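Listing of entry.pdb, PDB, C-alpha atoms
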```pdb
ATOM      1  CA  MET R   2     -96.422  -1.094   6.463  1.00  0.00           C
ATOM      2  CA  THR R   3     -96.763  -4.593   5.020  1.00  0.00           C
ATOM      3  CA  TYR R   4     -97.346  -6.094   8.486  1.00  0.00           C
ATOM      4  CA  TYR R   5    -100.316  -3.799   9.141  1.00  0.00           C
ATOM      5  CA  SER R   6    -101.753  -4.414   5.687  1.00  0.00           C
ATOM      6  CA  VAL R   7    -101.630  -8.172   6.194  1.00  0.00           C
ATOM      7  CA  ASN R   8    -103.259  -7.813   9.619  1.00  0.00           C
ATOM      8  CA  LEU R   9    -106.056  -5.693   8.199  1.00  0.00           C
ATOM      9  CA  ILE R  10    -106.708  -8.131   5.367  1.00  0.00           C
ATOM     10  CA  VAL R  11    -106.756 -11.091   7.774  1.00  0.00           C
ATOM     11  CA  TYR R  12    -109.218  -9.282  10.065  1.00  0.00           C
ATOM     12  CA  ILE R  13    -111.554  -8.385   7.201  1.00  0.00           C
ATOM     13  CA  ILE R  14    -111.498 -11.879   5.719  1.00  0.00           C
ATOM     14  CA  SER R  15    -112.081 -13.509   9.100  1.00  0.00           C
ATOM     15  CA  ILE R  16    -115.066 -11.245   9.844  1.00  0.00           C
ATOM     16  CA  PHE R  17    -116.616 -12.181   6.498  1.00  0.00           C
ATOM     17  CA  LEU R  18    -115.961 -15.853   7.233  1.00  0.00           C
ATOM     18  CA  ALA R  19    -117.643 -15.453  10.621  1.00  0.00           C
ATOM     19  CA  MET R  20    -120.674 -13.911   8.917  1.00  0.00           C
ATOM     20  CA  ILE R  21    -120.854 -16.866   6.549  1.00  0.00           C
ATOM     21  CA  ALA R  22    -120.474 -19.297   9.447  1.00  0.00           C
ATOM     22  CA  LEU R  23    -123.250 -17.619  11.441  1.00  0.00           C
ATOM     23  CA  ASN R  24    -125.600 -17.953   8.469  1.00  0.00           C
ATOM     24  CA  CYS R  25    -125.789 -21.709   8.974  1.00  0.00           C
ATOM     25  CA  PHE R  26    -127.706 -21.232  12.241  1.00  0.00           C
ATOM     26  CA  HIS R  27    -131.464 -20.657  12.066  1.00  0.00           C
ATOM     27  CA  PHE R  28    -131.794 -17.627  14.277  1.00  0.00           C
ATOM     28  CA  ASP R  29    -135.264 -16.916  12.889  1.00  0.00           C
ATOM     29  CA  ARG R  30    -136.648 -19.462  15.359  1.00  0.00           C
ATOM     30  CA  PHE R  31    -135.569 -17.229  18.243  1.00  0.00           C
ATOM     31  CA  LEU R  32    -136.360 -13.889  16.608  1.00  0.00           C
ATOM     32  CA  ARG R  33    -139.318 -11.997  18.014  1.00  0.00           C
ATOM     33  CA  LYS R  34    -141.574  -9.925  15.832  1.00  0.00           C
ATOM     34  CA  GLY R  35    -140.469  -6.308  15.694  1.00  0.00           C
ATOM     35  CA  LYS R  36    -136.932  -7.065  16.913  1.00  0.00           C
ATOM     36  CA  GLN R  37    -135.156  -7.308  13.557  1.00  0.00           C
ATOM     37  CA  LYS R  38    -132.957  -4.257  14.175  1.00  0.00           C
ATOM     38  CA  GLU R  39    -131.690  -5.685  17.446  1.00  0.00           C
ATOM     39  CA  PHE R  40    -131.035  -9.023  15.778  1.00  0.00           C
ATOM     40  CA  TYR R  41    -128.964  -7.466  13.002  1.00  0.00           C
ATOM     41  CA  LEU R  42    -126.981  -5.504  15.575  1.00  0.00           C
ATOM     42  CA  PHE R  43    -126.315  -8.738  17.456  1.00  0.00           C
ATOM     43  CA  TYR R  44    -125.404 -10.493  14.202  1.00  0.00           C
ATOM     44  CA  ILE R  45    -122.849  -7.817  13.264  1.00  0.00           C
ATOM     45  CA  MET R  46    -121.370  -7.720  16.769  1.00  0.00           C
ATOM     46  CA  ALA R  47    -121.123 -11.520  16.988  1.00  0.00           C
ATOM     47  CA  SER R  48    -119.493 -11.647  13.556  1.00  0.00           C
ATOM     48  CA  CYS R  49    -116.922  -9.058  14.622  1.00  0.00           C
ATOM     49  CA  VAL R  50    -116.188 -10.886  17.860  1.00  0.00           C
ATOM     50  CA  PHE R  51    -115.773 -14.300  16.265  1.00  0.00           C
ATOM     51  CA  GLY R  52    -113.855 -12.827  13.342  1.00  0.00           C
ATOM     52  CA  TYR R  53    -111.494 -10.984  15.679  1.00  0.00           C
ATOM     53  CA  LEU R  54    -110.848 -14.108  17.731  1.00  0.00           C
ATOM     54  CA  PHE R  55    -110.224 -16.191  14.629  1.00  0.00           C
ATOM     55  CA  ALA R  56    -107.889 -13.558  13.157  1.00  0.00           C
ATOM     56  CA  GLN R  57    -105.952 -13.341  16.425  1.00  0.00           C
ATOM     57  CA  PHE R  58    -105.551 -17.105  16.374  1.00  0.00           C
ATOM     58  CA  ILE R  59    -104.327 -17.114  12.777  1.00  0.00           C
ATOM     59  CA  LEU R  60    -101.906 -14.222  13.304  1.00  0.00           C
ATOM     60  CA  SER R  61    -100.550 -15.645  16.562  1.00  0.00           C
ATOM     61  CA  PHE R  62    -100.156 -19.069  14.994  1.00  0.00           C
ATOM     62  CA  GLY R  63     -98.259 -17.531  12.080  1.00  0.00           C
ATOM     63  CA  THR R  64     -95.990 -15.569  14.411  1.00  0.00           C
ATOM     64  CA  PHE R  65     -95.363 -18.588  16.621  1.00  0.00           C
ATOM     65  CA  SER R  66     -94.591 -20.896  13.722  1.00  0.00           C
ATOM     66  CA  SER R  67     -92.122 -18.429  12.232  1.00  0.00           C
ATOM     67  CA  HIS R  68     -90.120 -18.433  15.487  1.00  0.00           C
ATOM     68  CA  LEU R  69     -89.600 -22.202  15.380  1.00  0.00           C
TER      69      LEU R  69
END
```

Would you mind writing the file out in structure tokens?
Amino acid sequence: MTYYSVNLIVYIISIFLAMIALNCFHFDRFLRKGKQKEFYLFYIMASCVFGYLFAQFILSFGTFSSHL
């Protein structure tokens, strides 16, 4: 139970961190008029992807370091 709770919290925090990190890029330069919905869909998907990868790294690193 605790293991899954920690995993869920790490995933949520890492997705929010990915959203914050993606805010530093100026995507408005590449955004076409009338394509805001598609951009926000891309933004959410990219945040989930980067957040998932970062969370996997953190969780794997924690598991690996505990076995040393």

Practice prompt. Name the closest residue to Phe26 in chain R among the candidates R:His68, R:Val50, R:Tyr44, R:Thr3; distances are taken between atoms, counting only C-alpha atoms.
Written response: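 Closest candidate: R:Tyr44.
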
Worksheet item: Could you state the separation of CA of Ser15 in chain R and CA of Cys49 in chain R in Å, given to one decimal place?
Response: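 Result for CA of Ser15 in chain R versus CA of Cys49 in chain R: 8.6 Å, one decimal.
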
Fill in: For Val7 in chain R, the nearest of the candidates R:Asn24, R:Gly63, R:Ala19, R:Lys34, counting only C-alpha atoms
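Looking only at the distances to Val7 in chain R, the closest residue turns out to be R:Gly63.
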
Practice prompt. Would you translate the PyMOL selection byres ((chain R and resi 17) around 12) into the concrete set of residues it matches in this file, as a list in words?
Written response: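 Evaluating the PyMOL selection byres ((chain R and resi 17) around 12) on these coordinates yields Ile10, Val11, Tyr12, Ile13, Ile14, Ser15, Ile16, Leu18, Ala19, Met20, Ile21, Ala22, Leu23, Asn24, Tyr44, Ile45, Ala47, Ser48, Cys49, Val50, Phe51, Gly52, Tyr53, Phe55 and Ala56 of chain R.
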
Take the residues that were just selected and, keeping C-alpha atoms, output them as a PDB file, keeping the file's coordinate frame.
```
ATOM      1  CA  ILE R  10    -106.708  -8.131   5.367  1.00  0.00           C
ATOM      2  CA  VAL R  11    -106.756 -11.091   7.774  1.00  0.00           C
ATOM      3  CA  TYR R  12    -109.218  -9.282  10.065  1.00  0.00           C
ATOM      4  CA  ILE R  13    -111.554  -8.385   7.201  1.00  0.00           C
ATOM      5  CA  ILE R  14    -111.498 -11.879   5.719  1.00  0.00           C
ATOM      6  CA  SER R  15    -112.081 -13.509   9.100  1.00  0.00           C
ATOM      7  CA  ILE R  16    -115.066 -11.245   9.844  1.00  0.00           C
ATOM      8  CA  LEU R  18    -115.961 -15.853   7.233  1.00  0.00           C
ATOM      9  CA  ALA R  19    -117.643 -15.453  10.621  1.00  0.00           C
ATOM     10  CA  MET R  20    -120.674 -13.911   8.917  1.00  0.00           C
ATOM     11  CA  ILE R  21    -120.854 -16.866   6.549  1.00  0.00           C
ATOM     12  CA  ALA R  22    -120.474 -19.297   9.447  1.00  0.00           C
ATOM     13  CA  LEU R  23    -123.250 -17.619  11.441  1.00  0.00           C
ATOM     14  CA  ASN R  24    -125.600 -17.953   8.469  1.00  0.00           C
ATOM     15  CA  TYR R  44    -125.404 -10.493  14.202  1.00  0.00           C
ATOM     16  CA  ILE R  45    -122.849  -7.817  13.264  1.00  0.00           C
ATOM     17  CA  ALA R  47    -121.123 -11.520  16.988  1.00  0.00           C
ATOM     18  CA  SER R  48    -119.493 -11.647  13.556  1.00  0.00           C
ATOM     19  CA  CYS R  49    -116.922  -9.058  14.622  1.00  0.00           C
ATOM     20  CA  VAL R  50    -116.188 -10.886  17.860  1.00  0.00           C
ATOM     21  CA  PHE R  51    -115.773 -14.300  16.265  1.00  0.00           C
ATOM     22  CA  GLY R  52    -113.855 -12.827  13.342  1.00  0.00           C
ATOM     23  CA  TYR R  53    -111.494 -10.984  15.679  1.00  0.00           C
ATOM     24  CA  PHE R  55    -110.224 -16.191  14.629  1.00  0.00           C
ATOM     25  CA  ALA R  56    -107.889 -13.558  13.157  1.00  0.00           C
TER      26      ALA R  56
END
```

Practice prompt. Between R:Met46, R:Leu60, R:Cys25, R:Leu54, single out the one closest to Tyr5 in chain R, counting only C-alpha atoms.
Written response: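 For Tyr5 in chain R, the nearest of the given residues is R:Leu60.
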
Practice prompt. Write out as a VMD selection string the residues lying within 12 Å of Asp29 in chain R, counting all atoms listed in the file and excluding same-chain residues fewer than 6 positions away.
Written response: chain R and resid 36 to 37 40 to 41 44

Once you have the residues from the selection above, write them out as an mmCIF file, in the coordinates of the input, restricted to C-alpha atoms.
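Writing done, so here's selection-v5.cif:
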```
data_model
loop_
_atom_site.group_PDB
_atom_site.id
_atom_site.type_symbol
_atom_site.label_atom_id
_atom_site.label_comp_id
_atom_site.auth_asym_id
_atom_site.auth_seq_id
_atom_site.Cartn_x
_atom_site.Cartn_y
_atom_site.Cartn_z
ATOM 1 C CA LYS R 36 -136.932 -7.065 16.913
ATOM 2 C CA GLN R 37 -135.156 -7.308 13.557
ATOM 3 C CA PHE R 40 -131.035 -9.023 15.778
ATOM 4 C CA TYR R 41 -128.964 -7.466 13.002
ATOM 5 C CA TYR R 44 -125.404 -10.493 14.202
#
```

Atoms are missing here; could range 26-40 of chain R be completed with N, CA and C atoms and written as a compact mmCIF listing (two decimals), in the coordinates of the input?
```txt
# COMPACT_ATOMS: atom_id res chain seq x y z
N PHE R 26 -126.78 -21.08 11.12
CA PHE R 26 -127.71 -21.23 12.24
C PHE R 26 -129.04 -20.58 11.89
N HIS R 27 -130.12 -21.19 12.33
CA HIS R 27 -131.46 -20.66 12.07
C HIS R 27 -131.89 -19.79 13.25
N PHE R 28 -131.45 -18.55 13.20
CA PHE R 28 -131.79 -17.63 14.28
C PHE R 28 -133.24 -17.15 14.18
N ASP R 29 -133.89 -17.38 13.04
CA ASP R 29 -135.26 -16.92 12.89
C ASP R 29 -136.22 -17.62 13.85
N ARG R 30 -135.82 -18.76 14.37
CA ARG R 30 -136.65 -19.46 15.36
C ARG R 30 -136.72 -18.68 16.67
N PHE R 31 -135.65 -17.95 16.98
CA PHE R 31 -135.57 -17.23 18.24
C PHE R 31 -135.91 -15.75 18.10
N LEU R 32 -136.13 -15.31 16.88
CA LEU R 32 -136.36 -13.89 16.61
C LEU R 32 -137.80 -13.51 16.92
N ARG R 33 -137.98 -12.48 17.69
CA ARG R 33 -139.32 -12.00 18.01
C ARG R 33 -139.76 -11.00 16.95
N LYS R 34 -141.05 -10.88 16.81
CA LYS R 34 -141.57 -9.93 15.83
C LYS R 34 -141.25 -8.51 16.30
N GLY R 35 -140.79 -7.69 15.37
CA GLY R 35 -140.47 -6.31 15.69
C GLY R 35 -139.07 -6.12 16.27
N LYS R 36 -138.28 -7.16 16.34
CA LYS R 36 -136.93 -7.06 16.91
C LYS R 36 -135.85 -7.34 15.87
N GLN R 37 -136.12 -7.04 14.60
CA GLN R 37 -135.16 -7.31 13.56
C GLN R 37 -133.92 -6.42 13.67
N LYS R 38 -134.10 -5.16 14.04
CA LYS R 38 -132.96 -4.26 14.18
C LYS R 38 -131.99 -4.74 15.25
N GLU R 39 -132.53 -5.18 16.37
CA GLU R 39 -131.69 -5.68 17.45
C GLU R 39 -130.97 -6.96 17.02
N PHE R 40 -131.66 -7.80 16.25
CA PHE R 40 -131.04 -9.02 15.78
C PHE R 40 -129.87 -8.72 14.85
```
